[in-house]
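Engineer: So here's coords.txt (compact mmCIF, C-alpha atoms).
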```txt
# COMPACT_ATOMS: atom_id res chain seq x y z
CA MET A 25 4.60 -36.53 -37.22
CA ALA A 26 1.76 -38.74 -36.09
CA GLU A 27 -1.01 -36.59 -34.63
CA ARG A 28 -2.23 -38.99 -32.04
CA ILE A 29 -3.15 -39.18 -28.39
CA GLU A 30 -1.68 -42.24 -26.69
CA PHE A 31 -4.04 -43.55 -24.02
CA TYR A 32 -2.39 -45.85 -21.49
CA PHE A 33 -4.81 -47.67 -19.21
CA ASP A 34 -5.54 -50.78 -17.22
CA PHE A 35 -8.91 -52.48 -17.55
CA SER A 36 -9.04 -52.52 -13.74
CA SER A 37 -8.56 -48.74 -13.34
CA PRO A 38 -11.75 -46.79 -12.53
CA TYR A 39 -10.55 -43.44 -13.88
CA SER A 40 -9.43 -45.23 -17.06
CA TYR A 41 -12.99 -46.52 -17.36
CA PHE A 42 -14.31 -42.97 -17.17
CA ALA A 43 -11.70 -41.72 -19.66
CA HIS A 44 -12.50 -44.43 -22.23
CA PHE A 45 -15.95 -42.91 -22.82
CA THR A 46 -14.62 -39.56 -24.00
CA VAL A 47 -11.01 -39.83 -25.18
CA ASP A 48 -11.84 -40.91 -28.76
CA ALA A 49 -14.40 -38.11 -29.11
CA LEU A 50 -11.73 -35.65 -27.96
CA ALA A 51 -9.26 -36.96 -30.54
CA THR A 52 -11.93 -36.73 -33.26
CA GLU A 53 -12.79 -33.15 -32.23
CA LEU A 54 -9.12 -32.26 -32.63
CA GLY A 55 -8.71 -34.09 -35.93
CA TRP A 56 -6.30 -36.50 -34.26
CA THR A 57 -6.36 -40.25 -33.70
CA CYS A 58 -6.16 -42.10 -30.40
CA ASP A 59 -4.05 -45.18 -29.71
CA TRP A 60 -5.34 -47.34 -26.87
CA LYS A 61 -2.59 -49.05 -24.89
CA PRO A 62 -3.69 -51.39 -22.13
CA MET A 63 -0.95 -52.18 -19.63
CA MET A 64 -0.38 -53.84 -16.28
CA ILE A 65 -0.70 -50.90 -13.90
CA GLY A 66 0.47 -53.06 -10.98
CA ALA A 67 3.96 -53.13 -12.51
CA ALA A 68 3.94 -49.33 -12.77
CA PHE A 69 2.77 -49.04 -9.17
CA LYS A 70 5.66 -51.24 -8.12
CA ALA A 71 8.17 -49.03 -9.94
CA SER A 72 6.79 -45.84 -8.41
CA GLY A 73 5.92 -47.08 -4.93
CA ASN A 74 2.23 -46.45 -5.60
CA LYS A 75 -0.77 -48.68 -4.88
CA PRO A 76 -4.43 -48.94 -5.87
CA LEU A 77 -6.56 -46.06 -4.56
CA ILE A 78 -9.05 -48.44 -2.97
CA GLN A 79 -6.28 -49.83 -0.75
CA GLN A 80 -5.30 -46.40 0.58
CA PRO A 81 -6.85 -45.36 3.91
CA ILE A 82 -9.20 -42.32 3.71
CA LYS A 83 -8.21 -41.59 0.09
CA GLY A 84 -9.76 -44.91 -0.90
CA GLU A 85 -13.10 -43.96 0.66
CA TYR A 86 -13.04 -40.59 -1.06
CA SER A 87 -12.24 -42.28 -4.36
CA ALA A 88 -15.16 -44.70 -4.07
CA HIS A 89 -17.44 -41.72 -3.41
CA ASP A 90 -15.91 -39.81 -6.33
CA TRP A 91 -16.43 -42.70 -8.78
CA LYS A 92 -20.15 -42.83 -8.00
CA ARG A 93 -20.41 -39.06 -8.28
CA LEU A 94 -18.52 -38.97 -11.58
CA ALA A 95 -20.68 -41.76 -13.04
CA ARG A 96 -23.83 -39.78 -12.19
CA LEU A 97 -22.34 -36.63 -13.75
CA MET A 98 -21.36 -38.49 -16.93
CA ASN A 99 -24.56 -40.54 -16.96
CA VAL A 100 -22.68 -43.82 -17.38
CA PRO A 101 -23.22 -47.11 -15.55
CA TRP A 102 -21.09 -47.77 -12.49
CA VAL A 103 -20.62 -50.51 -9.93
CA LEU A 104 -17.65 -51.06 -7.66
CA PRO A 105 -16.84 -54.61 -8.77
CA ASP A 106 -16.00 -57.49 -6.49
CA PRO A 107 -13.26 -58.67 -6.82
CA PHE A 108 -11.48 -55.35 -7.34
CA PRO A 109 -8.83 -54.74 -8.49
CA ILE A 110 -8.18 -57.75 -10.70
CA SER A 111 -5.47 -59.00 -13.06
CA THR A 112 -6.34 -57.87 -16.58
CA LEU A 113 -3.67 -59.83 -18.41
CA ALA A 114 -6.16 -61.82 -20.49
CA ALA A 115 -8.03 -58.71 -21.64
CA ALA A 116 -4.80 -56.86 -22.48
CA ARG A 117 -3.42 -59.81 -24.44
CA ALA A 118 -6.67 -60.25 -26.36
CA PHE A 119 -6.69 -56.52 -27.11
CA TYR A 120 -3.19 -56.37 -28.64
CA TRP A 121 -3.70 -59.59 -30.57
CA LEU A 122 -6.90 -58.21 -32.08
CA ALA A 123 -5.51 -54.68 -32.56
CA ASP A 124 -2.83 -56.00 -34.92
CA ARG A 125 -5.59 -57.54 -37.06
CA ASP A 126 -8.54 -55.17 -36.67
CA PRO A 127 -7.88 -52.03 -34.57
CA VAL A 128 -11.49 -50.85 -34.69
CA ARG A 129 -12.78 -54.17 -33.38
CA ALA A 130 -10.06 -54.18 -30.70
CA LYS A 131 -11.46 -50.93 -29.29
CA GLU A 132 -14.93 -52.48 -29.34
CA LEU A 133 -13.60 -55.38 -27.32
CA ALA A 134 -11.95 -52.96 -24.89
CA ARG A 135 -15.25 -51.12 -24.45
CA ALA A 136 -17.05 -54.42 -23.86
CA CYS A 137 -14.50 -55.33 -21.17
CA PHE A 138 -14.80 -51.95 -19.42
CA ILE A 139 -18.61 -52.02 -19.44
CA ALA A 140 -18.74 -55.62 -18.24
CA TYR A 141 -16.37 -54.92 -15.35
CA PHE A 142 -17.24 -51.42 -14.13
CA GLY A 143 -20.70 -51.07 -15.66
CA GLN A 144 -22.03 -54.48 -14.66
CA GLY A 145 -19.61 -55.80 -12.05
CA ARG A 146 -18.71 -58.86 -14.06
CA ASP A 147 -15.29 -60.35 -13.26
CA ILE A 148 -13.29 -60.21 -16.50
CA THR A 149 -10.17 -61.92 -15.16
CA THR A 150 -10.39 -65.12 -17.17
CA ALA A 151 -9.70 -65.54 -20.86
CA GLU A 152 -13.00 -67.41 -21.14
CA THR A 153 -14.95 -64.33 -20.04
CA VAL A 154 -12.98 -62.11 -22.43
CA ALA A 155 -13.78 -64.60 -25.21
CA ASP A 156 -17.48 -64.45 -24.25
CA LEU A 157 -17.35 -60.65 -24.58
CA ALA A 158 -15.54 -60.88 -27.92
CA ALA A 159 -17.86 -63.43 -29.51
CA PRO A 160 -20.73 -60.99 -30.26
CA LEU A 161 -18.15 -58.84 -32.10
CA GLY A 162 -17.50 -61.73 -34.47
CA VAL A 163 -14.20 -62.77 -32.89
CA SER A 164 -13.57 -66.51 -32.81
CA ARG A 165 -13.49 -67.86 -29.25
CA HIS A 166 -11.05 -70.54 -30.35
CA ASP A 167 -8.63 -68.06 -31.90
CA LEU A 168 -8.81 -65.69 -28.94
CA LEU A 169 -8.22 -68.43 -26.36
CA ALA A 170 -5.22 -69.62 -28.35
CA ALA A 171 -3.89 -66.09 -28.75
CA VAL A 172 -3.79 -65.28 -25.03
CA GLN A 173 -1.51 -68.30 -24.56
CA ASP A 174 0.76 -67.32 -27.47
CA PRO A 175 4.25 -66.45 -26.16
CA ALA A 176 4.51 -63.59 -28.67
CA VAL A 177 1.25 -62.06 -27.43
CA LYS A 178 2.32 -62.48 -23.79
CA GLU A 179 5.61 -60.78 -24.64
CA ARG A 180 3.76 -57.92 -26.33
CA VAL A 181 1.92 -57.00 -23.12
CA ARG A 182 5.17 -57.18 -21.16
CA GLN A 183 6.87 -54.92 -23.70
CA GLU A 184 4.05 -52.37 -23.76
CA THR A 185 4.05 -52.28 -19.97
CA ASP A 186 7.84 -51.94 -19.76
CA ARG A 187 7.77 -49.20 -22.37
CA ALA A 188 5.07 -47.33 -20.46
CA ILE A 189 7.13 -47.45 -17.26
CA GLU A 190 10.24 -46.28 -19.16
CA ARG A 191 8.20 -43.32 -20.39
CA GLY A 192 7.22 -42.39 -16.84
CA VAL A 193 3.74 -43.86 -16.51
CA PHE A 194 3.03 -44.29 -12.78
CA GLY A 195 -0.77 -44.48 -12.80
CA ALA A 196 -3.75 -44.71 -15.11
CA PRO A 197 -5.14 -43.28 -17.23
CA PHE A 198 -2.01 -41.65 -18.62
CA PHE A 199 -1.85 -39.76 -21.92
CA PHE A 200 0.95 -38.68 -24.23
CA VAL A 201 0.56 -35.94 -26.82
CA ASP A 202 3.67 -35.79 -29.01
CA GLY A 203 5.64 -37.01 -26.00
CA GLU A 204 4.06 -34.60 -23.50
CA PRO A 205 2.76 -36.55 -20.47
CA PHE A 206 -0.63 -36.01 -18.82
CA PHE A 207 -1.79 -38.04 -15.83
CA GLY A 208 -5.43 -38.64 -14.99
CA ASN A 209 -8.91 -38.40 -16.43
CA ASP A 210 -9.14 -34.88 -14.97
CA ARG A 211 -6.44 -33.74 -17.38
CA LEU A 212 -8.29 -34.39 -20.64
CA GLY A 213 -9.24 -30.70 -20.74
CA MET A 214 -5.56 -29.81 -20.56
CA VAL A 215 -4.80 -32.33 -23.31
CA ARG A 216 -7.33 -30.47 -25.49
CA GLU A 217 -5.63 -27.13 -24.76
CA TRP A 218 -2.19 -28.58 -25.41
CA VAL A 219 -3.19 -29.88 -28.85
CA LYS A 220 -5.10 -26.71 -29.81
CA ARG A 221 -2.23 -24.40 -28.86
CA GLY A 222 0.56 -26.73 -29.92
CA GLY A 223 1.81 -26.64 -26.33
CA TRP A 224 2.66 -23.56 -24.27
CA MET B 11 -27.20 -22.42 5.44
CA ALA B 12 -23.84 -20.77 4.89
CA GLU B 13 -23.11 -20.68 1.18
CA ARG B 14 -19.40 -21.06 1.34
CA ILE B 15 -16.55 -23.00 -0.15
CA GLU B 16 -14.12 -24.28 2.46
CA PHE B 17 -10.58 -24.28 1.10
CA TYR B 18 -8.17 -26.48 3.07
CA PHE B 19 -4.53 -26.02 2.15
CA ASP B 20 -0.94 -26.07 3.33
CA PHE B 21 1.37 -23.19 2.46
CA SER B 22 3.89 -25.80 1.32
CA SER B 23 1.50 -27.49 -1.17
CA PRO B 24 2.11 -26.58 -4.85
CA TYR B 25 -1.40 -27.37 -6.06
CA SER B 26 -2.76 -25.30 -3.15
CA TYR B 27 -0.61 -22.44 -4.42
CA PHE B 28 -2.21 -22.75 -7.87
CA ALA B 29 -5.72 -23.01 -6.36
CA HIS B 30 -5.28 -19.89 -4.21
CA PHE B 31 -5.18 -17.70 -7.32
CA THR B 32 -8.64 -18.67 -8.51
CA VAL B 33 -10.77 -20.07 -5.67
CA ASP B 34 -12.00 -16.68 -4.40
CA ALA B 35 -12.96 -15.60 -7.92
CA LEU B 36 -14.91 -18.85 -8.30
CA ALA B 37 -16.78 -18.20 -5.04
CA THR B 38 -17.53 -14.62 -6.14
CA GLU B 39 -18.80 -15.85 -9.52
CA LEU B 40 -21.19 -18.17 -7.68
CA GLY B 41 -22.30 -15.55 -5.18
CA TRP B 42 -20.70 -17.57 -2.40
CA THR B 43 -17.91 -16.85 0.06
CA CYS B 44 -14.70 -18.80 0.56
CA ASP B 45 -13.17 -19.75 3.91
CA TRP B 46 -9.43 -20.32 3.80
CA LYS B 47 -8.21 -22.99 6.19
CA PRO B 48 -4.48 -23.58 6.37
CA MET B 49 -3.53 -26.88 7.96
CA MET B 50 -0.55 -29.14 8.54
CA ILE B 51 -0.76 -31.47 5.58
CA GLY B 52 2.00 -33.69 6.99
CA ALA B 53 -0.41 -34.82 9.73
CA ALA B 54 -3.02 -35.72 7.11
CA PHE B 55 -0.39 -37.61 5.10
CA LYS B 56 0.47 -39.59 8.22
CA ALA B 57 -3.18 -40.54 8.79
CA SER B 58 -3.67 -41.65 5.19
CA GLY B 59 -0.26 -43.22 4.50
CA ASN B 60 0.45 -40.57 1.88
CA LYS B 61 3.60 -38.52 1.34
CA PRO B 62 4.69 -35.38 -0.54
CA LEU B 63 4.59 -35.78 -4.32
CA ILE B 64 8.18 -34.63 -4.68
CA GLN B 65 9.33 -37.58 -2.57
CA GLN B 66 7.56 -40.16 -4.76
CA PRO B 67 9.69 -41.82 -7.46
CA ILE B 68 8.60 -41.06 -11.06
CA LYS B 69 5.39 -39.34 -9.91
CA GLY B 70 7.54 -36.67 -8.25
CA GLU B 71 9.34 -35.91 -11.52
CA TYR B 72 6.05 -35.71 -13.38
CA SER B 73 4.67 -33.38 -10.72
CA ALA B 74 7.65 -31.03 -10.96
CA HIS B 75 7.12 -30.90 -14.72
CA ASP B 76 3.38 -30.35 -14.26
CA TRP B 77 3.88 -27.44 -11.84
CA LYS B 78 6.04 -25.58 -14.36
CA ARG B 79 3.54 -26.29 -17.12
CA LEU B 80 0.57 -25.18 -15.02
CA ALA B 81 2.34 -21.96 -14.00
CA ARG B 82 2.94 -21.11 -17.69
CA LEU B 83 -0.69 -21.87 -18.51
CA MET B 84 -1.97 -19.69 -15.65
CA ASN B 85 0.68 -17.03 -16.22
CA VAL B 86 1.74 -17.00 -12.58
CA PRO B 87 5.26 -16.99 -11.11
CA TRP B 88 6.73 -20.34 -10.15
CA VAL B 89 9.92 -21.69 -8.64
CA LEU B 90 10.48 -25.04 -7.01
CA PRO B 91 11.70 -23.75 -3.64
CA ASP B 92 14.67 -25.08 -1.71
CA PRO B 93 14.06 -26.26 0.99
CA PHE B 94 10.84 -27.98 -0.09
CA PRO B 95 8.59 -29.03 1.51
CA ILE B 96 8.84 -27.01 4.73
CA SER B 97 6.99 -26.69 8.02
CA THR B 98 4.37 -23.97 7.67
CA LEU B 99 3.33 -23.80 11.31
CA ALA B 100 4.32 -20.15 11.73
CA ALA B 101 2.38 -19.04 8.65
CA ALA B 102 -0.71 -21.03 9.65
CA ARG B 103 -0.65 -19.67 13.19
CA ALA B 104 -0.22 -16.11 11.96
CA PHE B 105 -3.10 -16.64 9.53
CA TYR B 106 -5.64 -17.82 12.11
CA TRP B 107 -4.60 -15.18 14.61
CA LEU B 108 -5.10 -12.46 12.01
CA ALA B 109 -8.27 -14.03 10.55
CA ASP B 110 -10.04 -13.67 13.89
CA ARG B 111 -9.25 -9.95 13.83
CA ASP B 112 -9.30 -9.04 10.13
CA PRO B 113 -10.26 -11.86 7.72
CA VAL B 114 -9.56 -9.80 4.60
CA ARG B 115 -6.05 -8.96 5.75
CA ALA B 116 -5.48 -12.60 6.73
CA LYS B 117 -6.07 -13.65 3.12
CA GLU B 118 -3.65 -10.94 1.99
CA LEU B 119 -1.05 -12.40 4.34
CA ALA B 120 -1.75 -15.89 2.98
CA ARG B 121 -1.25 -14.61 -0.58
CA ALA B 122 1.99 -12.93 0.44
CA CYS B 123 3.24 -16.21 1.96
CA PHE B 124 2.32 -18.24 -1.14
CA ILE B 125 3.95 -15.77 -3.54
CA ALA B 126 7.09 -15.50 -1.41
CA TYR B 127 7.49 -19.28 -1.24
CA PHE B 128 6.39 -20.60 -4.64
CA GLY B 129 6.65 -17.40 -6.66
CA GLN B 130 10.05 -16.25 -5.36
CA GLY B 131 11.55 -19.28 -3.65
CA ARG B 132 11.85 -17.54 -0.30
CA ASP B 133 11.88 -19.87 2.71
CA ILE B 134 8.87 -18.89 4.84
CA THR B 135 9.51 -21.35 7.68
CA THR B 136 10.38 -18.86 10.39
CA ALA B 137 7.97 -16.55 12.20
CA GLU B 138 10.39 -13.69 11.47
CA THR B 139 9.93 -14.13 7.73
CA VAL B 140 6.16 -14.32 8.10
CA ALA B 141 6.32 -11.11 10.16
CA ASP B 142 8.40 -9.48 7.39
CA LEU B 143 5.69 -10.41 4.89
CA ALA B 144 2.93 -9.14 7.17
CA ALA B 145 4.54 -5.78 7.95
CA PRO B 146 3.69 -4.14 4.58
CA LEU B 147 0.04 -5.08 5.25
CA GLY B 148 0.11 -2.98 8.41
CA VAL B 149 0.42 -5.91 10.80
CA SER B 150 2.60 -5.28 13.83
CA ARG B 151 5.71 -7.48 13.83
CA HIS B 152 5.70 -7.50 17.60
CA ASP B 153 2.09 -8.65 17.85
CA LEU B 154 2.53 -11.33 15.19
CA LEU B 155 5.68 -12.73 16.78
CA ALA B 156 3.92 -12.91 20.13
CA ALA B 157 0.82 -14.50 18.57
CA VAL B 158 2.65 -17.44 17.01
CA GLN B 159 3.93 -18.33 20.49
CA ASP B 160 0.48 -18.02 22.08
CA PRO B 161 -0.72 -21.44 23.33
CA ALA B 162 -4.29 -20.66 22.18
CA VAL B 163 -3.09 -19.89 18.65
CA LYS B 164 -0.95 -23.03 18.58
CA GLU B 165 -3.98 -25.03 19.73
CA ARG B 166 -6.11 -23.46 17.01
CA VAL B 167 -3.86 -24.83 14.25
CA ARG B 168 -3.86 -28.27 15.88
CA GLN B 169 -7.66 -28.22 16.10
CA GLU B 170 -8.15 -27.09 12.52
CA THR B 171 -5.79 -29.83 11.34
CA ASP B 172 -7.47 -32.50 13.48
CA ARG B 173 -10.88 -31.39 12.23
CA ALA B 174 -9.72 -31.55 8.63
CA ILE B 175 -8.45 -35.11 9.10
CA GLU B 176 -11.72 -36.09 10.82
CA ARG B 177 -13.56 -34.76 7.75
CA GLY B 178 -11.47 -36.94 5.44
CA VAL B 179 -8.85 -34.51 4.17
CA PHE B 180 -5.88 -36.58 2.93
CA GLY B 181 -4.17 -34.09 0.63
CA ALA B 182 -4.24 -30.47 -0.45
CA PRO B 183 -5.95 -28.49 -1.74
CA PHE B 184 -9.20 -29.96 -0.49
CA PHE B 185 -12.58 -28.27 -0.78
CA PHE B 186 -15.94 -28.73 0.92
CA VAL B 187 -19.19 -27.45 -0.54
CA ASP B 188 -21.99 -27.92 2.00
CA GLY B 189 -20.12 -30.98 3.24
CA GLU B 190 -19.42 -32.44 -0.20
CA PRO B 191 -15.67 -33.19 -0.53
CA PHE B 192 -13.52 -32.34 -3.55
CA PHE B 193 -9.80 -33.13 -3.71
CA GLY B 194 -7.36 -31.25 -5.88
CA ASN B 195 -6.96 -28.05 -7.86
CA ASP B 196 -8.18 -29.97 -10.92
CA ARG B 197 -11.60 -30.32 -9.30
CA LEU B 198 -12.48 -26.62 -9.10
CA GLY B 199 -14.52 -27.01 -12.30
CA MET B 200 -16.53 -29.75 -10.62
CA VAL B 201 -16.99 -27.55 -7.55
CA ARG B 202 -18.52 -24.92 -9.86
CA GLU B 203 -20.91 -27.50 -11.36
CA TRP B 204 -21.86 -28.82 -7.93
CA VAL B 205 -22.80 -25.35 -6.67
CA LYS B 206 -24.65 -24.37 -9.86
CA ARG B 207 -26.72 -27.56 -9.94
CA GLY B 208 -27.08 -27.93 -6.19
CA GLY B 209 -25.38 -31.31 -6.48
CA TRP B 210 -26.38 -34.21 -8.74
```
Let me see the structure of the file written as structure tokens.

Structural biologist:
Amino acid sequence: MAERIEFYFDFSSPYSYFAHFTVDALATELGWTCDWKPMMIGAAFKASGNKPLIQQPIKGEYSAHDWKRLARLMNVPWVLPDPFPISTLAAARAFYWLADRDPVRAKELARACFIAYFGQGRDITTAETVADLAAPLGVSRHDLLAAVQDPAVKERVRQETDRAIERGVFGAPFFFVDGEPFFGNDRLGMVREWVKRGGW
Amino acid sequence: MAERIEFYFDFSSPYSYFAHFTVDALATELGWTCDWKPMMIGAAFKASGNKPLIQQPIKGEYSAHDWKRLARLMNVPWVLPDPFPISTLAAARAFYWLADRDPVRAKELARACFIAYFGQGRDITTAETVADLAAPLGVSRHDLLAAVQDPAVKERVRQETDRAIERGVFGAPFFFVDGEPFFGNDRLGMVREWVKRGGW
């Protein structure tokens, strides 16, 4: 049995941004690995009748306050980007294309996308911007820009998103531990307990 | 300055049920007090465009799973009651009426209501049932049944609910620490940090 935490996220999800800083360290602490799975959270929202926090009256204002507070607590950079939320198709496609070739570098690209968007407020919608972020990692701009137009790569993101929704993902971040579902950055402590105890 | 945690909840809110077991112990640990403030969460849902978890596709199923899992982790009784959710007007009115006379006993009544509903699956909608739960605590059935019909007591619950919504409460449980808002049972750890550090 693969001892791995599956980490579903969208590059445009604030609580996914916060989770991405710590989820690999948690897996390492537990002697497990962590699979990163970007997806299109908008499709999951549609299936579950949900919508982005920022678009919800009152709860949206609380969330914006909470993101700033959480960033200070974690000592990580934070800006509420404009535009927000955005389509993260290009970043997700680039991630899966790279992950099949070099999984370590794919996570580096994912980190670069998260930091650019939520740490610096840089719009990462376009493939060109994603290619700019990938270049310092030694990823060919030409290959990346071709990859995000590749029908097989496009299909991969659709499939990962469909699979996530089939498994019950309705928001992000969302974690699976041997099939057990955990929703939200706040539940990483419970993920730790679940792995340590082998469930309860 | 009053060093107190304000605990807004609805007797029909599962995560409020889980929070009620530990929030007073947290306050005691910190040398603070805890004010319990039942409210009509349906009114807050209306203001924020939210609705009960159990009525949300996919997220509702996850929540039902999570409640069972959390109850096992905390070693507390749990049943998903039927009917659920319910109107908790009678319980909230009885609580505030009693709290003005005997705050300690009011919390005991609140605990009895929570355990009856989520621990035993007993419908606590009617004033008669709330009076049954209050009787073993030495509260006169006659006085309680009169109190929940008292216009001043009815107005009190309306005012507490309106005030909560004005303060940005959109779900339950919801905590305030010297005005700082925290949403959800999962945030009690952050409440502890906030009090210990005096904010950050």

Engineer: With only C-alpha atoms as the atoms that count, which of B:His152, B:Arg79, B:Arg14, B:Lys164 lies nearest to Ala101 in chain B?

Structural biologist: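 Among the listed residues, the smallest separation from Ala101 in chain B belongs to B:Lys164.
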
Engineer: So which residues touch Thr149 in chain A within 9 Å, counting all atoms listed in the file, skipping near sequence neighbours fewer than 3 positions away, as number ranges by chain?

Structural biologist: A: 110-115, 152-154

Engineer: Work out how far CA of Ala151 in chain A is from CA of Asp167 in chain A, in Å to one decimal.

Structural biologist: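 Spanning CA of Asp167 in chain A to CA of Ala151 in chain A is a straight-line distance of 11.4 Å.
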
Engineer: Identify every residue of chain A that has at least one atom within 8 Å of any atom of chain B, counting all atoms listed in the file, and report the result as a list in words.

Structural biologist: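 Those within range of chain B come out as Ala71, Ser72, Gly73, Gln80, Pro81, Ile82, Lys83, Tyr86, Arg93, Arg96, Leu97, Gly192, Val193, Phe194, Pro205, Asp210, Arg211 and Trp224 of chain A.
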
Engineer: Residues within 10 Å of range 24-32 of chain B, please, as a PDB file with C-alpha atoms, in the coordinates of the input. Count only C-alpha atoms; anything in the same chain fewer than 4 positions from it doesn't count.

Structural biologist:
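What ended up in part-v8.pdb:
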```
ATOM      1  CA  PHE B  17     -10.580 -24.280   1.100  1.00  0.00           C
ATOM      2  CA  TYR B  18      -8.170 -26.480   3.070  1.00  0.00           C
ATOM      3  CA  PHE B  19      -4.530 -26.020   2.150  1.00  0.00           C
ATOM      4  CA  ASP B  20      -0.940 -26.070   3.330  1.00  0.00           C
ATOM      5  CA  LEU B  36     -14.910 -18.850  -8.300  1.00  0.00           C
ATOM      6  CA  ALA B  37     -16.780 -18.200  -5.040  1.00  0.00           C
ATOM      7  CA  TRP B  46      -9.430 -20.320   3.800  1.00  0.00           C
ATOM      8  CA  PRO B  48      -4.480 -23.580   6.370  1.00  0.00           C
ATOM      9  CA  LEU B  63       4.590 -35.780  -4.320  1.00  0.00           C
ATOM     10  CA  SER B  73       4.670 -33.380 -10.720  1.00  0.00           C
ATOM     11  CA  ALA B  74       7.650 -31.030 -10.960  1.00  0.00           C
ATOM     12  CA  ASP B  76       3.380 -30.350 -14.260  1.00  0.00           C
ATOM     13  CA  TRP B  77       3.880 -27.440 -11.840  1.00  0.00           C
ATOM     14  CA  LEU B  80       0.570 -25.180 -15.020  1.00  0.00           C
ATOM     15  CA  ALA B  81       2.340 -21.960 -14.000  1.00  0.00           C
ATOM     16  CA  MET B  84      -1.970 -19.690 -15.650  1.00  0.00           C
ATOM     17  CA  VAL B  86       1.740 -17.000 -12.580  1.00  0.00           C
ATOM     18  CA  PRO B  87       5.260 -16.990 -11.110  1.00  0.00           C
ATOM     19  CA  TRP B  88       6.730 -20.340 -10.150  1.00  0.00           C
ATOM     20  CA  VAL B  89       9.920 -21.690  -8.640  1.00  0.00           C
ATOM     21  CA  LEU B  90      10.480 -25.040  -7.010  1.00  0.00           C
ATOM     22  CA  PRO B  95       8.590 -29.030   1.510  1.00  0.00           C
ATOM     23  CA  LYS B 117      -6.070 -13.650   3.120  1.00  0.00           C
ATOM     24  CA  ALA B 120      -1.750 -15.890   2.980  1.00  0.00           C
ATOM     25  CA  ARG B 121      -1.250 -14.610  -0.580  1.00  0.00           C
ATOM     26  CA  CYS B 123       3.240 -16.210   1.960  1.00  0.00           C
ATOM     27  CA  PHE B 124       2.320 -18.240  -1.140  1.00  0.00           C
ATOM     28  CA  ILE B 125       3.950 -15.770  -3.540  1.00  0.00           C
ATOM     29  CA  TYR B 127       7.490 -19.280  -1.240  1.00  0.00           C
ATOM     30  CA  PHE B 128       6.390 -20.600  -4.640  1.00  0.00           C
ATOM     31  CA  GLY B 129       6.650 -17.400  -6.660  1.00  0.00           C
ATOM     32  CA  GLY B 181      -4.170 -34.090   0.630  1.00  0.00           C
ATOM     33  CA  ALA B 182      -4.240 -30.470  -0.450  1.00  0.00           C
ATOM     34  CA  PRO B 183      -5.950 -28.490  -1.740  1.00  0.00           C
ATOM     35  CA  PHE B 184      -9.200 -29.960  -0.490  1.00  0.00           C
ATOM     36  CA  GLY B 194      -7.360 -31.250  -5.880  1.00  0.00           C
ATOM     37  CA  ASN B 195      -6.960 -28.050  -7.860  1.00  0.00           C
ATOM     38  CA  ASP B 196      -8.180 -29.970 -10.920  1.00  0.00           C
ATOM     39  CA  ARG B 197     -11.600 -30.320  -9.300  1.00  0.00           C
ATOM     40  CA  LEU B 198     -12.480 -26.620  -9.100  1.00  0.00           C
TER      41      LEU B 198
END
```

Engineer: As an exercise, work out the distance from CA of Phe200 in chain A to CA of Ala118 in chain A in Å and give it to one decimal place.

Structural biologist: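 Between these atoms lies a distance of 23.0 Å.
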
Engineer: Can you report as lines of an AutoDock Vina configuration file the centre and edge lengths in Å, to one decimal, of an axis-aligned box around the listed atoms of range 60-75 of chain A padded with 3 Å on each side?

Structural biologist:
```
center_x = 1.4
center_y = -49.8
center_z = -15.9
size_x = 19.5
size_y = 14.0
size_z = 28.0
```

Engineer: With distances taken over only C-alpha atoms, which of A:Ala176, A:Lys61, A:Pro76, A:Gly66 is nearest to Phe119 in chain A?

Structural biologist: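 Nearest to Phe119 in chain A: A:Lys61.
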
Engineer: Could you check how far CA of Asp160 in chain B sits from CA of Ala145 in chain B, in Å to one decimal?

Structural biologist: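 These atoms are spaced 19.1 Å apart.
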
Engineer: Using only C-alpha atoms for the distances, tell me which of A:Phe199, A:Arg187, A:Glu204, A:Tyr120 is nearest to Leu168 in chain A.

Structural biologist: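 Smallest distance to Leu168 in chain A is found for A:Tyr120.
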